[in-house]
Amino acid sequence: MRYYSFNQFLKEKFGERVQKVTLDSGFGCPNRDGTKGWGGCIYCDKFGSGSGVKGKYPDIRSQALAGMDHMKKRYQANKFITYFQSFSNTYAPVARLRCLYEEVIHLPNVVGIAVGTRADCLTEAALELLAGYVPRKMVWLELGLQSVHDGTLRLINRGHTYQEFLEGFQLARKYPLLICLHVIIGLPNENREQILDTAREVARLKPDGIKIHSLYINRDTALEKMYREKNFTPLGQEEFVDLTCDFLELLPPNMVIQRLTGDPNPKELIAPEWTLKKNETLQLIQKELERRDSRQGKKYAI
């Protein structure tokens, strides 16, 4: 592999395969309830960028147990990280957070917890709660960045500026948590240099990990409306692969790459169809890095 994959990182830490189990605890988002905005980000669907698993297993513990059973059968995994994925998972009073986190973090074979949220939804109380699980458990805090450009953040209805993101990120850095940033390649109106500006800034911040998402269009989103009205054209697969390799070259070689493409629900996807070909896209990224004789960190400037 020409990048430091999450699987490799976990095998180094635990000596065996570890699988994430996605959860939906019913949290909200300040960008949907009027605190910061309405409707959410333009690409966010009714599941809040999650799996919709809450509809099948409304109890968080049942979701975790069912997910672990599935991952054990599919991947022969025996260790798991419970991942609070949908919406903003620190957007609640700390008493509620503690109750939900502890429903799953102490289950047998759970070695860690990952909490997806926004940087403007972080409080010292929530961060202290998460830090309290370290070092008994691996704790990942996943923060949506998407882009470092305020113009893009306004366009996608993010509800915060890059400076506001930095304030939350710097607060989180005071705690012994592993931090993973989410970025999106292919956001409306962003050109190659703007995308690589985000890569350079992520490299400067040095989070522990990153998820690189391809932008896809789900039904019943503001992005679908833009697409239908021909105000937005998504990237082609080759263009995305090329930009992702450019992005990887700029990152520190020891940054954990948790994701390298999107993972849309086929029932919700409008376009582009190539985003359903996850394994093919990953193989193309590997082949492009090989063709370039390149790898993650090749152009990283310390």
# chains A, B, ... in the order shown; residues from 1 in each chain; ligands from 1
$ residues_around --residues "Thr90 in chain A" --least-positions-apart "3" --cutoff "12 Å" --atoms "only C-alpha atoms" --output "mmCIF file with C-alpha atoms, in the first residue's frame"
data_model
loop_
_atom_site.group_PDB
_atom_site.id
_atom_site.type_symbol
_atom_site.label_atom_id
_atom_site.label_comp_id
_atom_site.auth_asym_id
_atom_site.auth_seq_id
_atom_site.Cartn_x
_atom_site.Cartn_y
_atom_site.Cartn_z
ATOM 1 C CA SER A 25 -28.265 7.450 18.345
ATOM 2 C CA GLY A 26 -30.767 10.042 17.162
ATOM 3 C CA PHE A 27 -28.640 13.136 17.799
ATOM 4 C CA GLY A 28 -29.542 16.376 16.080
ATOM 5 C CA CYS A 29 -27.477 19.067 14.399
ATOM 6 C CA PRO A 30 -27.289 22.844 14.977
ATOM 7 C CA PHE A 84 -21.453 7.196 16.437
ATOM 8 C CA GLN A 85 -21.872 8.305 12.823
ATOM 9 C CA SER A 86 -25.151 10.052 12.068
ATOM 10 C CA PHE A 87 -25.548 13.800 12.616
ATOM 11 C CA PRO A 93 -26.084 17.524 27.388
ATOM 12 C CA VAL A 94 -23.153 15.574 28.747
ATOM 13 C CA ALA A 95 -25.432 13.375 30.880
ATOM 14 C CA ARG A 96 -27.140 12.106 27.738
ATOM 15 C CA LEU A 97 -23.802 11.634 25.992
ATOM 16 C CA ARG A 98 -22.467 9.578 28.887
ATOM 17 C CA LEU A 100 -25.371 6.629 25.217
ATOM 18 C CA TYR A 101 -21.600 6.155 24.986
ATOM 19 C CA ALA A 114 -15.407 6.885 17.447
ATOM 20 C CA VAL A 115 -17.591 9.972 17.667
ATOM 21 C CA GLY A 116 -18.478 11.965 14.575
ATOM 22 C CA THR A 117 -19.407 15.589 15.181
ATOM 23 C CA ARG A 118 -18.821 19.218 14.259
ATOM 24 C CA ALA A 119 -16.059 21.363 15.693
ATOM 25 C CA ASP A 120 -18.635 23.942 16.782
ATOM 26 C CA CYS A 121 -20.441 21.266 18.838
ATOM 27 C CA LEU A 122 -17.546 20.612 21.208
ATOM 28 C CA THR A 123 -17.582 21.521 24.885
ATOM 29 C CA GLU A 124 -14.994 20.957 27.573
ATOM 30 C CA ALA A 125 -17.458 18.696 29.386
ATOM 31 C CA ALA A 126 -17.962 16.467 26.331
ATOM 32 C CA LEU A 127 -14.228 16.299 25.635
ATOM 33 C CA GLU A 128 -13.456 15.454 29.264
ATOM 34 C CA LEU A 129 -16.026 12.665 29.090
ATOM 35 C CA LEU A 130 -14.386 11.163 26.007
ATOM 36 C CA LEU A 141 -13.022 12.199 17.585
ATOM 37 C CA GLU A 142 -14.113 12.726 13.967
ATOM 38 C CA LEU A 143 -14.623 16.333 12.906
#
$ select_by_dssp --residues "range 58-116 of chain A" --states "strand (DSSP E)" --output "PyMOL selection string"
chain A and resi 79-84+110-116
$ write_last_selection --atoms "N, CA and C atoms" --output "mmCIF file, in the first residue's frame"
data_model
loop_
_atom_site.group_PDB
_atom_site.id
_atom_site.type_symbol
_atom_site.label_atom_id
_atom_site.label_comp_id
_atom_site.auth_asym_id
_atom_site.auth_seq_id
_atom_site.Cartn_x
_atom_site.Cartn_y
_atom_site.Cartn_z
ATOM 1 N N LYS A 79 -12.760 -7.934 17.209
ATOM 2 C CA LYS A 79 -12.635 -6.688 17.959
ATOM 3 C C LYS A 79 -13.303 -5.569 17.168
ATOM 4 N N PHE A 80 -13.879 -4.612 17.919
ATOM 5 C CA PHE A 80 -14.733 -3.629 17.264
ATOM 6 C C PHE A 80 -14.545 -2.237 17.863
ATOM 7 N N ILE A 81 -14.797 -1.238 17.009
ATOM 8 C CA ILE A 81 -14.899 0.161 17.433
ATOM 9 C C ILE A 81 -16.329 0.605 17.155
ATOM 10 N N THR A 82 -17.026 1.064 18.175
ATOM 11 C CA THR A 82 -18.397 1.546 17.985
ATOM 12 C C THR A 82 -18.346 2.992 17.499
ATOM 13 N N TYR A 83 -18.994 3.238 16.382
ATOM 14 C CA TYR A 83 -18.876 4.516 15.677
ATOM 15 C C TYR A 83 -20.210 5.249 15.669
ATOM 16 N N PHE A 84 -20.286 6.324 16.441
ATOM 17 C CA PHE A 84 -21.453 7.196 16.437
ATOM 18 C C PHE A 84 -21.350 8.087 15.201
ATOM 19 N N VAL A 110 -15.366 -4.729 22.460
ATOM 20 C CA VAL A 110 -15.294 -3.350 21.977
ATOM 21 C C VAL A 110 -13.999 -2.731 22.498
ATOM 22 N N VAL A 111 -13.110 -2.384 21.574
ATOM 23 C CA VAL A 111 -11.791 -1.860 21.959
ATOM 24 C C VAL A 111 -11.724 -0.341 21.857
ATOM 25 N N GLY A 112 -12.778 0.275 21.309
ATOM 26 C CA GLY A 112 -12.725 1.720 21.175
ATOM 27 C C GLY A 112 -14.054 2.314 20.766
ATOM 28 N N ILE A 113 -14.049 3.629 20.686
ATOM 29 C CA ILE A 113 -15.234 4.383 20.308
ATOM 30 C C ILE A 113 -14.797 5.490 19.348
ATOM 31 N N ALA A 114 -15.625 5.759 18.357
ATOM 32 C CA ALA A 114 -15.407 6.885 17.447
ATOM 33 C C ALA A 114 -16.661 7.742 17.456
ATOM 34 N N VAL A 115 -16.469 9.042 17.544
ATOM 35 C CA VAL A 115 -17.591 9.972 17.667
ATOM 36 C C VAL A 115 -17.486 11.013 16.563
ATOM 37 N N GLY A 116 -18.438 10.973 15.636
ATOM 38 C CA GLY A 116 -18.478 11.965 14.575
ATOM 39 C C GLY A 116 -19.283 13.177 14.993
#
$ residues_around --residues "range 156-171 of chain A" --least-positions-apart "6" --cutoff "7 Å" --atoms "only C-alpha atoms" --output "PyMOL selection string"
chain A and resi 31+36-37+40-42+119-120+122+148-150
$ closest_residue --among "A:Tyr75, A:Tyr3, A:Trp140, A:Phe9" --to "Phe247 in chain A" --atoms "only C-alpha atoms"
A:Tyr3
$ closest_residue --among "A:His213, A:Arg192, A:Arg291, A:Arg32" --to "Leu260 in chain A" --atoms "only C-alpha atoms"
A:His213
